[in-house]
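So the structure is just underneath, and the comments pick up after that.
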Amino acid sequence: MTAFRRKSRILLVDGDTTVQHLRALMLRMQGYNVDTAVDLEAARTVISAAPVYDLVIVDVGHFADPGLEFCEEIKQRHPHQKVLMQVDGHIYLGRESCPDKVVSKQEGPHHFVEEVERMLTAS
């Protein structure tokens, strides 16, 4: 008999609904429970109504500042919350506390899933 392993809960914030749908589908196929939000305001609402997530993924594109501010808000409420940011290209964010990991969208979908799995299995 195998031990019960709780499925990780992920919040995926992405304004491009097609990309969001595909990323959420990929993560669900890996066995994760994925909630979605189309923008930061919707994500704030979801986070305030839900228990803490195992991982919050925020797609910031070329405009990182609003996403970084959102990340800092999350970390103030839940200091141990893991946050992964997806960016266009290799943006240098220059902050130490947020996010925990930055992934370029140009790295591709398999790399994205691998990074999510690394973050969720890291202690």
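Here, A, B, ... name the chains of the structure tokens in the order displayed, residue numbers run from 1 inside each chain, and ligands are numbered from 1 in the same displayed order.
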Assign secondary structure with DSSP using the backbone only, and return the residues of chain A in strand (DSSP E) as a CSV table (one decimal) with N, CA, C and O atoms, in the first residue's frame.
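Result file is selection_0.csv:
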chain,number,residue,atom,x,y,z
A,9,ARG,N,-1.1,22.5,-4.1
A,9,ARG,CA,-2.1,23.6,-4.6
A,9,ARG,C,-1.3,24.7,-5.2
A,9,ARG,O,-0.4,25.2,-4.6
A,10,ILE,N,-1.6,25.1,-6.4
A,10,ILE,CA,-0.9,26.1,-7.2
A,10,ILE,C,-2.0,27.2,-7.6
A,10,ILE,O,-3.0,26.9,-8.1
A,11,LEU,N,-1.5,28.4,-7.5
A,11,LEU,CA,-2.3,29.5,-8.0
A,11,LEU,C,-1.5,30.1,-9.2
A,11,LEU,O,-0.3,30.4,-9.1
A,12,LEU,N,-2.1,30.1,-10.4
A,12,LEU,CA,-1.5,30.5,-11.6
A,12,LEU,C,-2.1,31.8,-12.1
A,12,LEU,O,-3.3,31.9,-12.3
A,13,VAL,N,-1.3,32.9,-12.1
A,13,VAL,CA,-1.8,34.2,-12.5
A,13,VAL,C,-1.2,34.6,-13.8
A,13,VAL,O,0.0,34.7,-14.0
A,33,ASN,N,-3.2,20.5,-8.2
A,33,ASN,CA,-4.5,21.2,-8.1
A,33,ASN,C,-4.2,22.7,-8.5
A,33,ASN,O,-3.4,23.3,-7.8
A,34,VAL,N,-4.8,23.2,-9.5
A,34,VAL,CA,-4.4,24.5,-10.0
A,34,VAL,C,-5.7,25.4,-10.0
A,34,VAL,O,-6.7,25.1,-10.6
A,35,ASP,N,-5.5,26.6,-9.3
A,35,ASP,CA,-6.5,27.6,-9.4
A,35,ASP,C,-5.9,28.7,-10.3
A,35,ASP,O,-4.7,28.8,-10.4
A,36,THR,N,-6.8,29.5,-11.0
A,36,THR,CA,-6.2,30.5,-11.9
A,36,THR,C,-6.8,31.9,-11.6
A,36,THR,O,-7.9,32.0,-11.0
A,37,ALA,N,-6.1,32.9,-12.0
A,37,ALA,CA,-6.5,34.3,-11.9
A,37,ALA,C,-6.0,35.0,-13.1
A,37,ALA,O,-4.9,34.8,-13.5
A,55,LEU,N,2.4,26.9,-4.1
A,55,LEU,CA,3.2,27.7,-5.0
A,55,LEU,C,2.2,28.7,-5.7
A,55,LEU,O,1.1,28.4,-6.1
A,56,VAL,N,2.7,30.0,-5.8
A,56,VAL,CA,2.0,31.0,-6.6
A,56,VAL,C,2.9,31.3,-7.8
A,56,VAL,O,4.1,31.6,-7.6
A,57,ILE,N,2.3,31.2,-9.0
A,57,ILE,CA,3.0,31.5,-10.2
A,57,ILE,C,2.5,32.8,-10.8
A,57,ILE,O,1.2,32.8,-11.1
A,58,VAL,N,3.3,33.7,-11.1
A,58,VAL,CA,2.9,35.0,-11.6
A,58,VAL,C,3.6,35.3,-12.9
A,58,VAL,O,4.8,35.3,-12.9
A,59,ASP,N,2.8,35.5,-14.0
A,59,ASP,CA,3.4,35.8,-15.3
A,59,ASP,C,3.4,37.4,-15.3
A,59,ASP,O,2.4,38.0,-15.3
A,60,VAL,N,4.6,38.0,-15.4
A,60,VAL,CA,4.7,39.4,-15.4
A,60,VAL,C,5.1,40.0,-16.8
A,60,VAL,O,5.1,41.2,-17.0
A,61,GLY,N,5.4,39.1,-17.7
A,61,GLY,CA,5.8,39.6,-19.1
A,61,GLY,C,7.0,40.6,-19.0
A,61,GLY,O,8.0,40.3,-18.3
A,83,VAL,N,7.0,31.6,-4.4
A,83,VAL,CA,6.5,32.4,-5.6
A,83,VAL,C,7.5,32.2,-6.7
A,83,VAL,O,8.7,32.4,-6.6
A,84,LEU,N,6.9,31.8,-7.9
A,84,LEU,CA,7.7,31.7,-9.1
A,84,LEU,C,7.2,32.8,-10.1
A,84,LEU,O,6.0,32.9,-10.2
A,85,MET,N,8.1,33.5,-10.7
A,85,MET,CA,7.7,34.5,-11.7
A,85,MET,C,8.1,34.1,-13.1
A,85,MET,O,9.3,33.6,-13.3
A,86,GLN,N,7.2,34.2,-14.0
A,86,GLN,CA,7.6,34.0,-15.4
A,86,GLN,C,7.7,35.3,-16.1
A,86,GLN,O,6.9,36.2,-15.9
A,87,VAL,N,8.8,35.5,-16.8
A,87,VAL,CA,9.1,36.8,-17.5
A,87,VAL,C,9.4,36.6,-18.9
A,87,VAL,O,9.7,35.5,-19.4
A,101,LYS,N,11.9,32.3,-7.4
A,101,LYS,CA,12.5,31.8,-8.7
A,101,LYS,C,12.0,32.6,-9.8
A,101,LYS,O,10.8,33.0,-9.8
A,102,VAL,N,12.8,32.9,-10.8
A,102,VAL,CA,12.4,33.5,-12.0
A,102,VAL,C,12.7,32.6,-13.2
A,102,VAL,O,13.8,32.0,-13.3
A,103,VAL,N,11.7,32.4,-14.1
A,103,VAL,CA,11.8,31.6,-15.2
A,103,VAL,C,11.4,32.3,-16.5
A,103,VAL,O,10.4,33.0,-16.5
A,104,SER,N,12.3,32.3,-17.5
A,104,SER,CA,12.0,32.9,-18.7
A,104,SER,C,11.0,32.0,-19.5
A,104,SER,O,11.1,30.8,-19.6
Exercise for the section: Would you kindly return, as a VMD selection string, each protein, DNA or RNA residue with an atom no farther than 12 Å from any atom of Thr121 (chain A), considering only C-alpha atoms and excluding same-chain residues fewer than 4 positions away? Expected result: chain A and resid 7 to 8 54 to 55 82 114 to 117
Exercise for the section: List every residue of region 6-112 of chain A that DSSP, applied to the backbone of this structure, places in helix (DSSP H, G or I), and write the result as number ranges by chain. Expected result: A: 17-29, 40-49, 64-77, 105-107, 109-112
Problem - Å distance separating CA of Phe112 (chain A) from CA of Phe70 (chain A), one decimal place - result: 20.6 Å
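Pairwise distance (CA of Pro51 (chain A), CA of Met26 (chain A)) equals 22.6 Å.
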Exercise for the section: Mind checking which residues fall within 12 Å of Arg77 (chain A), counting only C-alpha atoms, ignoring those fewer than 4 positions away in the same chain, and posting them as a VMD selection string? Expected result: chain A and resid 44 47 to 48 51 to 52 70 to 73 81
Problem - Separation of CA of Asp100 (chain A) from CA of Glu69 (chain A), in Å and rounded to one decimal - result: 13.7 Å
Practice task
Find the residue from A:Ile74, A:Leu120, A:Leu68, A:Val113 that sits nearest to Leu22 (chain A); use only C-alpha atoms when measuring.
Solution key: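 Smallest separation from Leu22 (chain A) among the options: A:Val113.
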